[in-house]
$ cat target09.txt   # compact mmCIF, C-alpha atoms
# COMPACT_ATOMS: atom_id res chain seq x y z
CA MET I 3 -22.13 38.89 23.10
CA SER I 4 -24.80 36.32 23.81
CA ARG I 5 -27.74 38.67 23.32
CA ALA I 6 -27.94 41.90 21.41
CA VAL I 7 -28.55 44.87 23.67
CA THR I 8 -29.55 48.18 22.21
CA ALA I 9 -28.74 51.56 23.67
CA ALA I 10 -32.46 52.25 24.02
CA GLU I 11 -32.98 49.18 26.23
CA LEU I 12 -30.44 50.52 28.69
CA GLY I 13 -31.97 53.99 28.55
CA LEU I 14 -29.00 55.37 26.67
CA LEU I 15 -29.57 58.08 24.08
CA ARG I 16 -27.28 58.50 21.10
CA CYS I 17 -26.85 62.07 19.91
CA HIS I 18 -27.63 62.32 16.19
CA VAL I 19 -25.21 65.22 15.80
CA CYS I 20 -22.08 64.21 17.68
CA SER I 21 -22.68 60.47 18.42
CA GLN I 22 -22.22 60.96 22.18
CA LEU I 23 -24.05 58.41 24.32
CA SER I 24 -25.75 59.75 27.42
CA ARG I 25 -28.33 58.77 29.99
CA ALA I 26 -31.40 60.96 30.26
CA ALA I 27 -32.44 61.89 33.79
CA ALA I 28 -36.04 60.90 34.47
CA SER I 29 -36.88 64.47 35.45
CA GLN I 30 -35.86 65.87 32.10
CA ARG I 31 -38.79 66.45 29.78
CA GLU I 32 -36.63 67.26 26.77
CA PRO I 33 -33.17 65.80 27.23
CA ARG I 34 -30.26 67.51 25.52
CA CYS I 35 -26.84 66.14 24.58
CA PRO I 36 -24.33 66.99 27.32
CA ARG I 37 -21.61 67.50 24.73
CA CYS I 38 -23.18 69.43 21.86
CA GLY I 39 -26.58 70.49 23.18
CA ALA I 40 -28.69 68.91 20.43
CA GLY I 41 -32.12 67.61 21.44
CA LEU I 42 -32.07 63.87 22.17
CA HIS I 43 -34.64 61.24 21.23
CA LEU I 44 -34.63 57.47 21.57
CA ARG I 45 -35.93 57.31 17.99
CA LYS I 46 -36.57 60.11 15.52
CA PRO I 47 -39.88 61.65 16.68
CA SER I 48 -42.95 60.49 14.69
CA SER I 49 -40.57 59.10 12.13
CA VAL I 50 -43.05 56.89 10.28
CA SER I 51 -45.81 59.47 9.83
CA ARG I 52 -43.44 62.27 8.81
CA SER I 53 -41.68 59.98 6.36
CA TRP I 54 -45.01 58.81 4.89
CA ALA I 55 -46.33 62.37 4.54
CA LEU I 56 -43.25 63.50 2.61
CA LEU I 57 -43.29 60.34 0.51
CA VAL I 58 -46.96 60.71 -0.47
CA ALA I 59 -46.33 64.34 -1.44
CA ALA I 60 -43.42 63.20 -3.60
CA MET I 61 -45.53 60.47 -5.25
CA ILE I 62 -48.21 63.01 -6.16
CA LEU I 63 -45.69 65.42 -7.66
CA TYR I 64 -44.05 62.58 -9.56
CA VAL I 65 -46.98 62.66 -12.01
CA PRO I 66 -46.56 66.31 -13.17
CA ALA I 67 -42.80 65.86 -13.01
CA ASN I 68 -43.03 63.26 -15.76
CA THR I 69 -45.89 64.64 -17.83
CA LEU I 70 -45.16 68.39 -17.85
CA PRO I 71 -42.29 69.64 -20.02
CA MET I 72 -38.86 70.15 -18.49
CA MET I 73 -37.79 72.50 -21.28
CA ARG I 74 -39.45 74.40 -24.10
CA THR I 75 -37.38 75.11 -27.19
CA SER I 76 -38.55 77.93 -29.47
CA SER I 77 -36.74 78.57 -32.73
CA LEU I 78 -37.43 79.91 -36.20
CA PHE I 79 -38.87 76.54 -37.10
CA GLY I 80 -41.46 76.44 -34.35
CA SER I 81 -41.44 75.31 -30.75
CA GLN I 82 -41.03 71.98 -29.06
CA SER I 83 -41.49 70.72 -25.50
CA ASP I 84 -39.39 68.04 -23.87
CA THR I 85 -40.39 65.93 -20.92
CA ILE I 86 -37.86 63.85 -18.99
CA LEU I 87 -38.70 60.78 -21.04
CA SER I 88 -38.59 62.48 -24.44
CA GLY I 89 -35.26 64.09 -23.47
CA GLY I 90 -33.84 60.63 -22.79
CA VAL I 91 -35.31 59.25 -26.01
CA TYR I 92 -33.69 62.14 -27.92
CA PHE I 93 -30.26 61.05 -26.68
CA TRP I 94 -31.03 57.45 -27.60
CA THR I 95 -32.07 58.26 -31.17
CA SER I 96 -29.24 60.74 -31.74
CA GLY I 97 -26.69 58.07 -30.95
CA SER I 98 -25.58 59.10 -27.45
CA TRP I 99 -26.90 55.92 -25.91
CA TYR I 100 -24.62 56.18 -22.86
CA LEU I 101 -26.16 59.56 -22.01
CA ALA I 102 -29.61 58.12 -22.56
CA LEU I 103 -28.71 55.42 -20.03
CA ILE I 104 -27.48 57.99 -17.48
CA ILE I 105 -30.65 60.08 -17.90
CA PHE I 106 -32.85 57.00 -17.76
CA PHE I 107 -31.11 55.77 -14.62
CA ALA I 108 -30.81 59.06 -12.71
CA SER I 109 -34.13 60.63 -13.66
CA ILE I 110 -36.55 57.76 -14.12
CA MET I 111 -35.26 54.63 -12.36
CA VAL I 112 -33.78 56.21 -9.23
CA PRO I 113 -36.77 58.36 -8.18
CA MET I 114 -39.23 55.54 -8.84
CA LEU I 115 -37.22 52.80 -7.12
CA LYS I 116 -36.49 55.17 -4.25
CA MET I 117 -40.18 55.79 -3.63
CA ILE I 118 -41.00 52.08 -3.87
CA ALA I 119 -38.15 51.22 -1.49
CA LEU I 120 -39.21 53.84 1.07
CA ALA I 121 -42.82 52.64 0.92
CA LEU I 122 -41.63 49.06 1.41
CA LEU I 123 -39.48 50.04 4.40
CA LEU I 124 -42.31 52.05 5.98
CA VAL I 125 -44.89 49.28 5.55
CA SER I 126 -42.51 46.65 6.92
CA VAL I 127 -41.80 48.81 9.98
CA GLN I 128 -45.49 49.47 10.55
CA LEU I 129 -46.24 45.75 10.40
CA ARG I 130 -43.34 45.20 12.85
CA SER I 131 -42.00 42.74 10.33
CA ARG I 132 -39.01 40.58 11.26
CA TRP I 133 -38.31 39.75 7.64
CA GLN I 134 -34.66 40.15 6.53
CA PRO I 135 -33.66 43.18 8.63
CA GLY I 136 -30.12 43.05 7.25
CA GLN I 137 -31.36 43.32 3.67
CA ARG I 138 -33.75 46.13 4.57
CA ALA I 139 -30.94 48.02 6.32
CA ARG I 140 -28.88 47.68 3.15
CA LEU I 141 -31.80 48.93 1.07
CA TYR I 142 -32.10 52.01 3.26
CA ARG I 143 -28.37 52.73 2.91
CA LEU I 144 -28.71 52.45 -0.88
CA VAL I 145 -31.70 54.83 -0.91
CA GLU I 146 -29.77 57.40 1.12
CA PHE I 147 -26.73 57.13 -1.12
CA VAL I 148 -28.32 57.17 -4.54
CA GLY I 149 -31.13 59.71 -4.09
CA ARG I 150 -29.04 62.82 -4.71
CA TRP I 151 -28.13 61.74 -8.26
CA SER I 152 -31.67 62.48 -9.42
CA MET I 153 -30.79 66.18 -9.25
CA LEU I 154 -28.89 65.62 -12.49
CA ASP I 155 -31.74 66.70 -14.78
CA ILE I 156 -32.29 69.91 -12.82
CA TYR I 157 -28.67 70.92 -13.42
CA VAL I 158 -28.91 70.03 -17.11
CA VAL I 159 -31.95 72.32 -17.42
CA ALA I 160 -30.16 75.11 -15.52
CA VAL I 161 -27.06 75.02 -17.74
CA ILE I 162 -28.90 74.66 -21.05
CA VAL I 163 -31.43 77.38 -20.29
CA ALA I 164 -28.62 79.76 -19.34
CA LEU I 165 -26.69 79.12 -22.54
CA VAL I 166 -29.26 78.78 -25.29
CA GLN I 167 -30.45 82.37 -25.49
CA LEU I 168 -29.79 83.16 -29.13
CA LYS I 169 -32.57 85.74 -29.34
CA ALA I 170 -33.71 85.44 -32.98
CA LEU I 171 -32.48 81.89 -33.58
CA ALA I 172 -33.48 79.80 -30.63
CA THR I 173 -34.27 80.09 -26.95
CA ILE I 174 -34.84 77.38 -24.41
CA GLN I 175 -37.03 78.04 -21.40
CA PRO I 176 -37.50 75.89 -18.30
CA GLY I 177 -40.86 74.16 -18.02
CA ALA I 178 -43.10 73.49 -15.04
CA GLY I 179 -41.96 69.87 -15.01
CA ALA I 180 -38.56 71.00 -13.73
CA ALA I 181 -40.10 72.58 -10.63
CA ALA I 182 -42.17 69.46 -9.94
CA PHE I 183 -39.19 67.18 -10.51
CA GLY I 184 -36.97 69.24 -8.18
CA ALA I 185 -39.68 69.00 -5.53
CA VAL I 186 -39.83 65.21 -5.93
CA VAL I 187 -36.07 64.91 -5.35
CA VAL I 188 -36.12 67.19 -2.29
CA LEU I 189 -39.22 65.55 -0.79
CA THR I 190 -37.85 62.01 -1.18
CA MET I 191 -34.56 63.11 0.39
CA PHE I 192 -36.43 64.59 3.36
CA SER I 193 -38.58 61.45 3.56
CA ALA I 194 -35.49 59.23 3.71
CA MET I 195 -33.98 61.50 6.38
CA ALA I 196 -37.18 61.34 8.45
CA PHE I 197 -37.15 57.54 8.37
CA ASP I 198 -35.37 55.99 11.34
CA PRO I 199 -33.52 52.79 10.29
CA ARG I 200 -33.37 51.67 13.92
CA LEU I 201 -37.11 50.92 13.66
CA ILE I 202 -36.22 48.06 11.28
CA TRP I 203 -34.46 46.32 14.16
CA ASP I 204 -36.83 47.30 16.94
CA ALA I 205 -39.34 44.61 15.92
CA ARG I 206 -36.84 42.05 17.22
CA GLU I 207 -36.85 43.44 20.71
CA PRO I 208 -39.58 43.61 23.33
CA VAL I 209 -41.73 46.68 22.80
CA HIS I 210 -40.56 49.71 24.68
CA GLY I 211 -42.17 53.09 25.09
CA MET W 14 -18.94 54.10 32.46
CA SER W 15 -15.58 52.41 32.44
CA VAL W 16 -15.81 50.62 29.09
CA PRO W 17 -16.24 53.03 26.17
CA LEU W 18 -19.39 52.08 24.30
CA VAL W 19 -20.75 53.00 20.91
CA ALA W 20 -24.32 52.67 19.67
CA CYS W 21 -24.84 51.90 16.00
CA HIS W 22 -26.54 54.84 14.30
CA GLU W 23 -28.55 52.51 12.10
CA CYS W 24 -29.71 49.79 14.48
CA ASP W 25 -28.90 51.11 17.97
CA LEU W 26 -26.89 48.03 18.96
CA LEU W 27 -24.52 48.75 21.84
CA GLN W 28 -20.99 47.68 21.22
CA ARG W 29 -17.60 48.02 22.90
CA GLU W 30 -15.37 50.61 21.31
CA VAL W 31 -12.13 48.96 20.27
CA PRO W 32 -8.94 50.62 19.06
CA LEU W 33 -8.37 50.16 15.35
CA PRO W 34 -5.26 49.33 13.33
CA GLU W 35 -4.14 51.98 10.89
CA GLY W 36 -6.76 52.55 8.22
CA GLY W 37 -9.11 50.04 9.88
CA VAL W 38 -12.89 50.22 9.89
CA ALA W 39 -15.23 49.26 12.72
CA ARG W 40 -18.55 47.92 11.48
CA CYS W 41 -21.69 47.14 13.40
CA GLY W 42 -21.82 43.43 14.26
CA ARG W 43 -25.52 43.24 13.51
CA CYS W 44 -26.36 45.49 10.55
CA GLY W 45 -22.93 46.11 9.05
CA ALA W 46 -23.12 49.92 9.15
CA GLU W 47 -19.80 51.70 9.52
CA LEU W 48 -19.38 52.72 13.16
CA TYR W 49 -16.10 54.52 12.91
CA ARG W 50 -12.89 54.44 10.91
CA ASP W 51 -9.26 55.13 11.62
CA ARG W 52 -8.41 58.28 9.69
CA PRO W 53 -4.76 59.17 10.25
CA ALA W 54 -3.92 62.88 10.71
CA SER W 55 -7.59 63.62 10.06
CA LEU W 56 -7.65 67.22 11.31
CA ASP W 57 -4.54 68.32 9.42
CA ARG W 58 -5.60 66.69 6.18
CA THR W 59 -9.16 68.03 6.44
CA LEU W 60 -7.84 71.53 7.03
CA ALA W 61 -5.48 71.34 4.07
CA LEU W 62 -8.20 70.01 1.76
CA ALA W 63 -10.72 72.60 2.98
CA ALA W 64 -8.26 75.42 2.28
CA GLY W 65 -7.61 74.11 -1.22
CA ALA W 66 -11.31 73.57 -1.85
CA LEU W 67 -12.18 77.13 -0.72
CA LEU W 68 -9.72 78.51 -3.26
CA LEU W 69 -11.10 76.33 -6.07
CA PHE W 70 -14.63 77.22 -5.03
CA ALA W 71 -13.85 80.92 -5.45
CA ILE W 72 -12.37 80.34 -8.92
CA ALA W 73 -15.20 78.01 -9.95
CA ASN W 74 -17.76 80.67 -9.13
CA SER W 75 -16.01 83.66 -10.69
CA PHE W 76 -15.38 82.28 -14.18
CA PRO W 77 -17.67 80.92 -16.88
CA ILE W 78 -18.38 77.18 -16.87
CA LEU W 79 -19.37 76.83 -20.50
CA GLY W 80 -19.62 79.01 -23.55
CA LEU W 81 -21.68 78.47 -26.68
CA ALA W 82 -20.15 79.67 -29.94
CA LEU W 83 -22.55 80.33 -32.78
CA GLN W 84 -22.16 82.61 -35.80
CA GLY W 85 -19.24 84.50 -34.37
CA GLN W 86 -20.78 85.25 -30.99
CA VAL W 87 -19.99 83.40 -27.81
CA ILE W 88 -22.45 83.21 -24.93
CA HIS W 89 -20.88 82.36 -21.58
CA THR W 90 -22.48 81.44 -18.33
CA THR W 91 -21.20 81.22 -14.81
CA LEU W 92 -22.97 79.05 -12.25
CA TYR W 93 -24.52 82.11 -10.64
CA GLY W 94 -25.54 83.32 -14.10
CA ALA W 95 -27.47 80.08 -14.60
CA VAL W 96 -29.22 80.52 -11.25
CA HIS W 97 -30.07 84.13 -12.17
CA ARG W 98 -31.45 83.04 -15.53
CA LEU W 99 -33.77 80.48 -13.89
CA TRP W 100 -34.94 83.14 -11.44
CA ASP W 101 -35.75 85.52 -14.30
CA GLU W 102 -37.62 82.77 -16.12
CA ASP W 103 -39.91 82.61 -13.08
CA MET W 104 -38.51 79.28 -11.94
CA LYS W 105 -37.75 80.62 -8.48
CA SER W 106 -37.99 77.25 -6.72
CA VAL W 107 -35.60 75.58 -9.14
CA ALA W 108 -33.25 78.59 -8.99
CA THR W 109 -33.22 78.36 -5.19
CA LEU W 110 -32.60 74.62 -5.32
CA VAL W 111 -29.63 74.99 -7.68
CA PHE W 112 -28.24 77.92 -5.68
CA ALA W 113 -28.54 76.04 -2.39
CA THR W 114 -27.04 72.74 -3.52
CA THR W 115 -24.14 74.02 -5.61
CA ILE W 116 -23.24 77.42 -4.12
CA ALA W 117 -24.64 77.96 -0.62
CA VAL W 118 -24.13 74.50 0.88
CA PRO W 119 -20.54 73.95 -0.34
CA ALA W 120 -19.68 77.49 0.83
CA ILE W 121 -21.18 76.86 4.29
CA GLU W 122 -19.60 73.41 4.52
CA LEU W 123 -16.10 74.59 3.63
CA SER W 124 -16.15 77.71 5.77
CA ALA W 125 -17.60 75.79 8.73
CA LEU W 126 -14.80 73.22 8.45
CA ALA W 127 -12.16 75.96 8.32
CA TYR W 128 -13.83 77.84 11.20
CA LEU W 129 -13.90 74.73 13.40
CA LEU W 130 -10.55 73.20 12.54
CA LEU W 131 -8.13 76.11 12.27
CA PRO W 132 -8.57 77.43 15.84
CA VAL W 133 -8.64 73.88 17.24
CA ARG W 134 -5.33 73.11 15.55
CA LEU W 135 -3.93 76.33 17.04
CA GLY W 136 -5.07 75.22 20.49
CA ARG W 137 -8.16 77.37 20.90
CA LEU W 138 -11.84 76.53 20.94
CA PRO W 139 -13.73 78.80 18.52
CA PRO W 140 -16.89 80.49 19.89
CA HIS W 141 -20.17 78.68 19.12
CA PHE W 142 -18.23 75.50 18.31
CA THR W 143 -21.23 73.21 18.89
CA HIS W 144 -23.64 75.40 16.90
CA VAL W 145 -21.33 75.57 13.91
CA PHE W 146 -20.79 71.81 14.08
CA ARG W 147 -24.55 71.22 14.10
CA VAL W 148 -24.96 73.46 11.06
CA LEU W 149 -22.17 71.54 9.31
CA GLN W 150 -23.85 68.18 9.97
CA ALA W 151 -27.25 69.51 8.87
CA VAL W 152 -26.13 70.92 5.51
CA ARG W 153 -23.71 68.18 4.42
CA PRO W 154 -26.25 65.89 2.69
CA TRP W 155 -27.34 68.81 0.47
CA GLY W 156 -24.00 69.59 -1.15
CA MET W 157 -24.15 68.18 -4.68
CA VAL W 158 -21.06 69.42 -6.49
CA GLU W 159 -20.43 65.96 -8.02
CA VAL W 160 -23.98 65.66 -9.37
CA PHE W 161 -23.74 69.17 -10.80
CA MET W 162 -20.50 68.21 -12.53
CA LEU W 163 -22.21 65.28 -14.25
CA GLY W 164 -25.08 67.58 -15.19
CA VAL W 165 -22.65 69.99 -16.86
CA LEU W 166 -21.12 67.12 -18.82
CA VAL W 167 -24.52 65.92 -20.02
CA SER W 168 -25.45 69.46 -21.10
CA LEU W 169 -22.11 69.75 -22.85
CA VAL W 170 -22.87 66.74 -25.04
CA LYS W 171 -26.44 67.90 -25.59
CA LEU W 172 -25.31 71.36 -26.70
CA ALA W 173 -22.52 70.03 -28.87
CA HIS W 174 -25.25 68.96 -31.32
CA LEU W 175 -26.39 72.57 -31.60
CA ALA W 176 -23.24 74.65 -31.70
CA GLY W 177 -19.60 74.81 -30.70
CA VAL W 178 -19.15 74.39 -26.96
CA VAL W 179 -16.29 76.20 -25.25
CA PRO W 180 -15.33 74.75 -21.87
CA GLY W 181 -14.54 77.51 -19.36
CA ILE W 182 -12.02 77.77 -16.54
CA ALA W 183 -14.75 77.07 -14.01
CA LEU W 184 -15.43 73.68 -15.60
CA TRP W 185 -11.95 72.47 -14.68
CA SER W 186 -12.16 74.15 -11.27
CA PHE W 187 -15.45 72.39 -10.57
CA ALA W 188 -13.95 69.06 -11.58
CA ALA W 189 -11.05 69.61 -9.18
CA LEU W 190 -13.40 70.89 -6.47
CA MET W 191 -15.46 67.72 -6.83
CA LEU W 192 -12.37 65.58 -6.21
CA LEU W 193 -11.35 67.63 -3.16
CA MET W 194 -14.88 67.46 -1.72
CA ALA W 195 -14.87 63.68 -2.14
CA ALA W 196 -11.47 63.52 -0.44
CA LEU W 197 -12.82 65.69 2.39
CA THR W 198 -15.62 63.23 3.16
CA ALA W 199 -13.08 60.41 3.20
CA VAL W 200 -10.66 62.22 5.49
CA PHE W 201 -12.81 64.23 7.92
CA ASP W 202 -13.32 62.43 11.23
CA PRO W 203 -15.87 64.15 13.50
CA ARG W 204 -14.76 61.91 16.40
CA ALA W 205 -11.24 63.26 16.23
CA LEU W 206 -12.58 66.81 16.16
CA TRP W 207 -14.76 66.24 19.23
CA LYS W 208 -11.84 64.63 21.04
CA ALA W 209 -9.57 67.59 20.29
CA ALA W 210 -12.29 70.07 21.21
CA GLY W 211 -13.04 68.17 24.42
CA ALA W 212 -9.39 68.31 25.45
CA LEU W 213 -9.40 72.06 24.87
CA ALA W 214 -12.64 72.67 26.74
CA ARG W 215 -11.81 70.67 29.86
CA PRO W 216 -9.16 72.82 31.58
CA ALA W 217 -11.33 75.92 31.28
CA ALA W 218 -14.54 74.33 32.55
CA PRO W 219 -15.26 74.56 36.28
CA ALA W 220 -15.59 71.32 38.29
$ encode --input "target09.txt" --output "structure tokens"
Amino acid sequence: MSRAVTAAELGLLRCHVCSQLSRAAASQREPRCPRCGAGLHLRKPSSVSRSWALLVAAMILYVPANTLPMMRTSSLFGSQSDTILSGGVYFWTSGSWYLALIIFFASIMVPMLKMIALALLLVSVQLRSRWQPGQRARLYRLVEFVGRWSMLDIYVVAVIVALVQLKALATIQPGAGAAAFGAVVVLTMFSAMAFDPRLIWDAREPVHG
Amino acid sequence: MSVPLVACHECDLLQREVPLPEGGVARCGRCGAELYRDRPASLDRTLALAAGALLLFAIANSFPILGLALQGQVIHTTLYGAVHRLWDEDMKSVATLVFATTIAVPAIELSALAYLLLPVRLGRLPPHFTHVFRVLQAVRPWGMVEVFMLGVLVSLVKLAHLAGVVPGIALWSFAALMLLMAALTAVFDPRALWKAAGALARPAAPA
């Protein structure tokens, strides 16, 4: 092919549910997929603003997620609160360095890098940047793939809280940090879903409505 | 349109749809995203895996995952028990999140697959085919059985410092379920399903 032609340039709409390509009649206000009936859009509607809104909410909640305790341990010898970071440090000092690495990667690195990557993608799309679209597409794919692993700490809290209920000896309760952290993971996942990767490539083509 | 075309879901580039060799992958010529893949006997394999996964899912949710042995008493918990505990601790949002990602979504995903595929393989189009398919596509990103499995392993090591940890039947079932779910994503081909469903719908449709 001598020149890249997108479906949008030819007025073709790709269904996000069943991948069917179809042409929208000019009379149709809200075109629907002829095969599966899903609503069709050239690009995800108000992708950039919805993605930004969810991302900013996630960034705000990232602060309590890291400063509030994930778990509170109360035992005969007093009580102790653990944040995400101190939980990871505990593994490091107790010799389970591989678990410390997993926690550090899934709970600290991934959420932070994911938010930075999404912000970078959103800014580049807003500036209609033509810089390295292939690399940015790859970055988006990575963000989509890796984001779910941040849920790890939530499951750890769920299992430990359910098991350590030794009445007189020790109990572990979930802390407010867990709720904030769960919200960060969900919000960044929604933000990545709201982002339309086709916008990365649209800067290369003449502007269309 | 005479030539079958595909648009890349990541960059919208229009490309000709070409037949693939066995096990081949078609990638977008511009951004490298996977357009489609040849998945042999996709419907049969998906159905078989979904049936096996449903069975494992039932076992994984009826038996304890882990037990903690301390001073002669053993405390067990099932997955639902953990969700319940979080709910009682007034962590309703976290309880909902865990319930949705490890119980509700896998249950919906597996039953939707069985609901869509079994009748189609028997030569009938199930009612509300398109609606069920849309639900399936919408929930799939939220199933996190594999992440949960890693979470259980991390907790296992963490708790082993405190007391004796007794792995339950559900732990092994979840591990197997995780493998079957991964195999399902590799084997399920929505294009093949739409093709089969389209062939079933056509004779009945007027015009």
$ closest_atom_pairs --input "target09.txt" --of "chain I" --to "chain W" --cutoff "6 Å" --atoms "only C-alpha atoms" --output "tab-separated table"
residue	atom	partner	partner_atom	distance
I:Val7	CA	W:Leu27	CA	5.9
I:Thr8	CA	W:Leu26	CA	4.2
I:Ala9	CA	W:Leu27	CA	5.4
I:Cys38	CA	W:Thr143	CA	5.2
I:Gly136	CA	W:Cys44	CA	5.6
I:Trp151	CA	W:Val160	CA	5.8
I:Leu154	CA	W:Gly164	CA	5.1
I:Tyr157	CA	W:Gly164	CA	5.2
I:Val158	CA	W:Gly164	CA	4.9
I:Ala160	CA	W:Ala95	CA	5.7
I:Val161	CA	W:Ala95	CA	6.0
I:Ala164	CA	W:Ala95	CA	4.9
I:Ala181	CA	W:Val107	CA	5.6
I:Pro199	CA	W:Glu23	CA	5.3
I:Arg200	CA	W:Cys24	CA	4.2
I:Trp203	CA	W:Cys24	CA	5.9
$ write_last_selection --input "target09.txt" --atoms "C-alpha atoms" --output "PDB file, in the coordinates of the input"
ATOM      1  CA  VAL I   7     -28.550  44.870  23.670  1.00  0.00           C
ATOM      2  CA  THR I   8     -29.550  48.180  22.210  1.00  0.00           C
ATOM      3  CA  ALA I   9     -28.740  51.560  23.670  1.00  0.00           C
ATOM      4  CA  CYS I  38     -23.180  69.430  21.860  1.00  0.00           C
ATOM      5  CA  GLY I 136     -30.120  43.050   7.250  1.00  0.00           C
ATOM      6  CA  TRP I 151     -28.130  61.740  -8.260  1.00  0.00           C
ATOM      7  CA  LEU I 154     -28.890  65.620 -12.490  1.00  0.00           C
ATOM      8  CA  TYR I 157     -28.670  70.920 -13.420  1.00  0.00           C
ATOM      9  CA  VAL I 158     -28.910  70.030 -17.110  1.00  0.00           C
ATOM     10  CA  ALA I 160     -30.160  75.110 -15.520  1.00  0.00           C
ATOM     11  CA  VAL I 161     -27.060  75.020 -17.740  1.00  0.00           C
ATOM     12  CA  ALA I 164     -28.620  79.760 -19.340  1.00  0.00           C
ATOM     13  CA  ALA I 181     -40.100  72.580 -10.630  1.00  0.00           C
ATOM     14  CA  PRO I 199     -33.520  52.790  10.290  1.00  0.00           C
ATOM     15  CA  ARG I 200     -33.370  51.670  13.920  1.00  0.00           C
ATOM     16  CA  TRP I 203     -34.460  46.320  14.160  1.00  0.00           C
TER      17      TRP I 203
END
$ closest_residue --input "target09.txt" --among "W:Lys208, W:Arg52, W:Arg153, W:Arg29" --to "W:Ala117" --atoms "only C-alpha atoms"
W:Arg153
$ residues_around --input "target09.txt" --residues "W:Leu193" --least-positions-apart "5" --cutoff "9 Å" --atoms "all atoms listed in the file" --output "PyMOL selection string"
chain W and resi 62-63+65-66+188+198
$ atom_distance --input "target09.txt" --atom1 "atom CA of W:Gly136" --atom2 "atom CA of I:Pro36"
22.0 Å
$ residues_around --input "target09.txt" --residues "I:Leu63" --least-positions-apart "3" --cutoff "6 Å" --atoms "only C-alpha atoms" --output "list in words"
Ala60, Pro66 and Ala182 of chain I
$ residues_around --input "target09.txt" --residues "W:Val133" --least-positions-apart "4" --cutoff "9 Å" --atoms "all atoms listed in the file" --output "PyMOL selection string"
chain W and resi 56+128-129+137-139+206+209-210+213
